[in-house]
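Undergrad: Below is the structure I would like to discuss, written out as structure tokens.
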Amino acid sequence: MQYDVIVIGSGPGGYVAAIRSAQLGLKTACIEKYATYGGTCLNVGCIPSKALLDSSEHYYNASHAFKTHGINLDNLSLDMAQMMKRKTEVVAKNTAGISFLFKKNKIDGYQGIGSFKDKNTISIKKPDGTTEEISGKNIIVATGSKPSGLPFIKIDKKRIITSTEALTLQEVPKHLVLIGGGVIGLELGSVYARLGAKVSVIEFMDSIIPTMDRGLGKELQKVLQKQGMEFYLGHKVTGATSNGKEVTVTFDAPNGDKKELTGDYCLVAVGRVAYTDGLGLDKIGLSVEERGRKITVNDHLETSVKGVYAIGDVVKGAMLAHKAEDEGTFVAEVIAGQKPHINYNLIPGVVYTWPEVAAVGQTEEQLKAANIKYKTGSFPFRASGRAVASGDLDGFVKVLADAATDEILGVHIIGPRAADMIAEAVVAMEFRASAEDISRMSHAHPTYTEAFREACLAATDNRPIHI
Ligand code: FAD
Ligand code: NAD
């Protein structure tokens with residue numbers, strides 16, 4: 001065998017699997033279809049979206065918040081080309097970082113489309129049309145996902161677009177109609193709303209971010225409405241057509257009324273599907289699940305073919321970069337004969353709107369459904385000294401703790417820097433802390449994290465100090 005491990009796909013699942021395999025002394029190759037490493041996350045996902053979220057937040061604050069801080073700006077203007085250029089540079093720095101790490105760890109990188117010839121042989125179709133075969137004892141499929149659409153809407157990638165095109169628009173839409181009030185819709189909708197677009201969100205469920213704790217969706221909707229976004233909840237999209245300049249989206253209200261909205265762009269953000277095109281799974285007797293097109297794996301993330309593993313968006317579970325990374329490490333360690341573990345209950349979920357939304361563990365809805373008795377403690381950011389100082393008064397921290405033992409079962413935050421704050425909750429829950437444990441630990445003052453401590457005090461025996 002040429003390699004101990006061949007990884008197909010270089011997203012956060014694939015590149016981490018390759019690096020961890022190499023660290024463990026396994027001779028490793030990684031095949032990537034595109035010219036740059038990093039997959040969806042680095043090229044058309046997490047990183048470019050966060051670069052644009054940061055840029056648009058600066059612009060929004062300069063036009064809306066600076067005045068209250070005593071900073072007056074005359075003739076504020078937006079240089080969209082520069083904003084996009086910076087985003088491209090941020091992506092380039094990150095993808096180059098992976099090339100560096102591959103070299104450092106002596107991983108052989110191949111550019112091309114990898115497909116199974118048999119369970120140990122991968123054929124690589126290169127950009128120049130030639131093919132090369134490499135063989136490995138273990139194969140890790142990390143081919144990720146792509147945007148899913150709606151069968152009755154043709155995505156022309158110009159006016160009716162996916163997240164990929166939304167990350168490269170050369171102008172601020174006048175009116176962006178969003179299909180789907182999930183993570184992508186609200187993050188990219190926020191970018192353009194902050195830059196001055198009218199943004200309308202049509203969501204099938206009766207709440208935005210419907211898979212998160214209900215309280216978070218309600219609060220986020222309130223705040224985004226203040227920022228100018230409008231919402232059509234419980235509405236069912238029936239079509240979208242473009243005349244090349246405008247898009248008309250038709251949809252049904254909960255009472256059956258027919259409605260339509262016309263905008264200059266329509267972003268379809270209704271989820272993603274696993275990507276396995278061209279992999280030749282049939283050559284090794286594997287097929288994909290009908291729903292979501294995912295590859296089936298066991299608890300070791302191994303497929304029904306021994307020595308062939310799959311990780312990240314292409315298998316069950318949350319489609320998140322850090323989940324893919326954890327699985328990359330996990331599989332490399334399994335191959336090396338170790339006994340790693342992933343606590344899937346403690347993979348945090350974050351929405352990078354402002355305020356940010358972050359959660360870990362069980363929602364109230366899940367605890368009720370499982371008939372688990374729990375206590376709730378909440379603390380609003382308007383009562384936090386740090387939040388008053390920065391002017392970030394929206395949102396709250398909600399802690400759910402076991403009614404009998406006080407163990408923290410879920411933490412749900414909407415507020416400033418929630419994405420970073422959730423790490424404390426993950427650590428606490430991994431060590432099975434009680435709400436009282438957290439409430440007795442020192443938290444630096446003034447920080448947003450004090451709100452977590454106060455919510456724990458509220459959950460323990462309803463004795464927050466500052467409210
Ligand atoms: P991917 O990152 O999709 O990588 C798969 C790679 O495999 C791709 O590079 C692809 O070209 C390659 N490939 C596919 N088939 C082949 C083949 N046959 N041969 C060779 N190469 C192949 N997640 C977060 O946790 N936080 C965020 O903030 C976040 N923001 C996001 C924003 C957007 C707009 C989007 C679209 C996604 C976001 N995600 C975020 C989700 C995150 O990007 C994915 O969960 C993550 O990238 C999945 O990693 P992966 O390694 O499984 O697959
Ligand atoms: P999503 O599942 O988060 O949201 C899709 C939304 O579209 C849901 O609320 C759903 O109810 C709604 N929907 C589905 N069909 C509809 C219809 N016909 N009409 C109206 N609404 C409809 O999916 P997404 O926002 O496309 O994101 C895809 C994946 O990418 C997610 O799994 C997410 O984990 C990942 N992602 C993560 C981050 C992050 O971690 N910050 C950011 C972006 C994307």
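Chain labels run A, B, ... following the order of the structure tokens; each chain numbers its residues from 1, and ligands are numbered from 1 in the order shown.
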Using only C-alpha atoms and all ligand atoms, find each protein or nucleic acid residue lying at most 7 Å from ligand 1; present the set as JSON, numbers by chain.
TA: {"A": [8, 9, 10, 11, 12, 13, 14, 31, 32, 33, 34, 37, 38, 39, 40, 41, 44, 45, 46, 49, 50, 112, 113, 114, 115, 142, 143, 144, 145, 146, 163, 164, 184, 275, 276, 277, 278, 279, 311, 312, 313, 314, 319, 320, 321, 322, 324, 350, 352]}
Undergrad: Those residues you just picked out, can you put them in a file as an mmCIF file, in the first residue's frame with C-alpha atoms?
TA:
```cif
data_model
loop_
_atom_site.group_PDB
_atom_site.id
_atom_site.type_symbol
_atom_site.label_atom_id
_atom_site.label_comp_id
_atom_site.auth_asym_id
_atom_site.auth_seq_id
_atom_site.Cartn_x
_atom_site.Cartn_y
_atom_site.Cartn_z
ATOM 1 C CA ILE A 8 -11.065 12.561 0.020
ATOM 2 C CA GLY A 9 -12.019 16.216 0.573
ATOM 3 C CA SER A 10 -10.068 18.938 2.380
ATOM 4 C CA GLY A 11 -12.808 20.741 4.353
ATOM 5 C CA PRO A 12 -12.572 21.007 8.160
ATOM 6 C CA GLY A 13 -13.378 17.293 8.383
ATOM 7 C CA GLY A 14 -10.847 16.193 5.773
ATOM 8 C CA ILE A 31 -7.370 14.721 -2.418
ATOM 9 C CA GLU A 32 -9.201 17.983 -3.137
ATOM 10 C CA LYS A 33 -11.299 18.748 -6.191
ATOM 11 C CA TYR A 34 -10.671 22.503 -6.086
ATOM 12 C CA TYR A 37 -7.859 23.516 0.472
ATOM 13 C CA GLY A 38 -10.397 24.177 3.203
ATOM 14 C CA GLY A 39 -13.684 23.047 1.649
ATOM 15 C CA THR A 40 -16.969 24.851 2.085
ATOM 16 C CA CYS A 41 -15.919 26.294 5.441
ATOM 17 C CA VAL A 44 -17.604 29.590 0.615
ATOM 18 C CA GLY A 45 -18.880 29.149 4.164
ATOM 19 C CA CYS A 46 -17.822 30.027 7.706
ATOM 20 C CA SER A 49 -19.470 34.856 5.768
ATOM 21 C CA LYS A 50 -17.821 35.917 9.028
ATOM 22 C CA GLY A 112 -8.528 16.380 -8.636
ATOM 23 C CA ILE A 113 -11.769 14.461 -8.265
ATOM 24 C CA GLY A 114 -11.261 11.323 -6.217
ATOM 25 C CA SER A 115 -13.337 8.235 -6.934
ATOM 26 C CA ALA A 142 -14.980 13.872 3.754
ATOM 27 C CA THR A 143 -16.724 15.252 0.679
ATOM 28 C CA GLY A 144 -19.075 17.581 2.556
ATOM 29 C CA SER A 145 -22.297 19.080 1.283
ATOM 30 C CA LYS A 146 -23.800 21.530 -1.176
ATOM 31 C CA SER A 163 -25.125 31.264 -0.188
ATOM 32 C CA THR A 164 -22.141 30.836 -2.534
ATOM 33 C CA ILE A 184 -27.514 30.952 6.475
ATOM 34 C CA TYR A 275 -22.268 15.653 -1.603
ATOM 35 C CA THR A 276 -21.167 12.310 -3.052
ATOM 36 C CA ASP A 277 -21.400 12.954 -6.815
ATOM 37 C CA GLY A 278 -18.666 11.258 -8.801
ATOM 38 C CA LEU A 279 -17.273 9.367 -5.792
ATOM 39 C CA ILE A 311 -17.063 12.152 8.418
ATOM 40 C CA GLY A 312 -18.503 15.675 8.518
ATOM 41 C CA ASP A 313 -21.443 16.967 6.495
ATOM 42 C CA VAL A 314 -21.578 13.787 4.413
ATOM 43 C CA MET A 319 -23.650 20.214 9.526
ATOM 44 C CA LEU A 320 -21.060 22.225 11.427
ATOM 45 C CA ALA A 321 -17.361 22.807 10.863
ATOM 46 C CA HIS A 322 -16.358 21.976 14.447
ATOM 47 C CA ALA A 324 -16.557 17.793 11.146
ATOM 48 C CA VAL A 350 -23.958 29.393 16.955
ATOM 49 C CA TYR A 352 -23.357 34.912 14.019
#
```
Undergrad: Enumerate as a ChimeraX atom specification all residues of region 56-216 of chain A assigned to strand (DSSP E) by DSSP on the backbone, naming them with the chain letters and numbers the document uses.
TA: /A:108-111,113-118,121-125,131-141,145-147,160-161,175-179,198-203
Undergrad: Please dump the current selection as a PDB file, in the first residue's frame; keep C-alpha atoms.
TA:
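In the end it all went to part21.pdb:
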```pdb
ATOM      1  CA  ASP A 108       0.751  14.568   0.110  1.00  0.00           C
ATOM      2  CA  GLY A 109      -1.893  16.811  -1.460  1.00  0.00           C
ATOM      3  CA  TYR A 110      -3.502  15.867  -4.791  1.00  0.00           C
ATOM      4  CA  GLN A 111      -5.756  18.168  -6.791  1.00  0.00           C
ATOM      5  CA  ILE A 113     -11.769  14.461  -8.265  1.00  0.00           C
ATOM      6  CA  GLY A 114     -11.261  11.323  -6.217  1.00  0.00           C
ATOM      7  CA  SER A 115     -13.337   8.235  -6.934  1.00  0.00           C
ATOM      8  CA  PHE A 116     -13.269   4.642  -5.751  1.00  0.00           C
ATOM      9  CA  LYS A 117     -11.869   2.018  -8.105  1.00  0.00           C
ATOM     10  CA  ASP A 118     -12.023  -0.517  -5.308  1.00  0.00           C
ATOM     11  CA  THR A 121      -7.688   2.247  -4.755  1.00  0.00           C
ATOM     12  CA  ILE A 122      -8.660   5.830  -5.523  1.00  0.00           C
ATOM     13  CA  SER A 123      -8.547   7.221  -9.012  1.00  0.00           C
ATOM     14  CA  ILE A 124      -7.840  10.966  -9.222  1.00  0.00           C
ATOM     15  CA  LYS A 125      -9.150  12.852 -12.238  1.00  0.00           C
ATOM     16  CA  THR A 131      -5.815  10.409 -14.112  1.00  0.00           C
ATOM     17  CA  GLU A 132      -3.616   8.960 -11.413  1.00  0.00           C
ATOM     18  CA  GLU A 133      -4.289   6.084  -9.038  1.00  0.00           C
ATOM     19  CA  ILE A 134      -3.186   5.889  -5.450  1.00  0.00           C
ATOM     20  CA  SER A 135      -3.867   3.167  -2.927  1.00  0.00           C
ATOM     21  CA  GLY A 136      -4.393   3.200   0.805  1.00  0.00           C
ATOM     22  CA  LYS A 137      -5.157   0.859   3.694  1.00  0.00           C
ATOM     23  CA  ASN A 138      -7.821   3.241   5.018  1.00  0.00           C
ATOM     24  CA  ILE A 139      -9.988   5.736   3.124  1.00  0.00           C
ATOM     25  CA  ILE A 140     -11.764   8.654   4.798  1.00  0.00           C
ATOM     26  CA  VAL A 141     -14.605  10.196   2.792  1.00  0.00           C
ATOM     27  CA  SER A 145     -22.297  19.080   1.283  1.00  0.00           C
ATOM     28  CA  LYS A 146     -23.800  21.530  -1.176  1.00  0.00           C
ATOM     29  CA  PRO A 147     -26.827  23.843  -1.011  1.00  0.00           C
ATOM     30  CA  ILE A 160     -32.029  33.515  -7.654  1.00  0.00           C
ATOM     31  CA  ILE A 161     -28.959  32.556  -5.673  1.00  0.00           C
ATOM     32  CA  HIS A 175     -34.654  44.190  -1.755  1.00  0.00           C
ATOM     33  CA  LEU A 176     -33.358  40.726  -0.845  1.00  0.00           C
ATOM     34  CA  VAL A 177     -36.058  38.091  -0.495  1.00  0.00           C
ATOM     35  CA  LEU A 178     -34.854  35.206   1.631  1.00  0.00           C
ATOM     36  CA  ILE A 179     -36.368  31.750   1.496  1.00  0.00           C
ATOM     37  CA  LYS A 198     -34.540  45.711   2.563  1.00  0.00           C
ATOM     38  CA  VAL A 199     -34.596  42.072   3.669  1.00  0.00           C
ATOM     39  CA  SER A 200     -37.736  39.926   3.762  1.00  0.00           C
ATOM     40  CA  VAL A 201     -37.561  36.431   5.246  1.00  0.00           C
ATOM     41  CA  ILE A 202     -40.101  33.770   4.291  1.00  0.00           C
ATOM     42  CA  GLU A 203     -39.927  30.828   6.705  1.00  0.00           C
TER      43      GLU A 203
END
```
Undergrad: Please return as a VMD selection string the residues found within 6 Å of ligand 2, counting only C-alpha atoms and all ligand atoms.
TA: chain A and resid 179 to 185 202 to 205 208 to 210 236 to 237 269 to 272 318 to 320 349 to 352
Undergrad: So the first atom is CA of Leu101 (chain A) and the second is CA of Ala29 (chain A); what is the distance between them in Å, to one decimal place?
TA: 12.9 Å
Undergrad: Fewer than 2 positions away in the same chain doesn't count, so skip those; otherwise give me all residues within 8 Å of region 79-88 of chain A, counting only C-alpha atoms, as a PyMOL selection string.
TA: chain A and resi 48+51-52+55+77+90-92+168+170-172
Undergrad: Can you work out which one of A:Ile422, A:Ala62, A:Ala253, A:Val397 has the shortest atom-to-atom distance to Glu454 (chain A), counting only C-alpha atoms?
TA: A:Val397
Undergrad: May I ask for the distance between CA of Val223 (chain A) and CA of Pro355 (chain A), given in Å to one decimal place?
TA: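 Computing it gives 8.0 Å between the two atoms.
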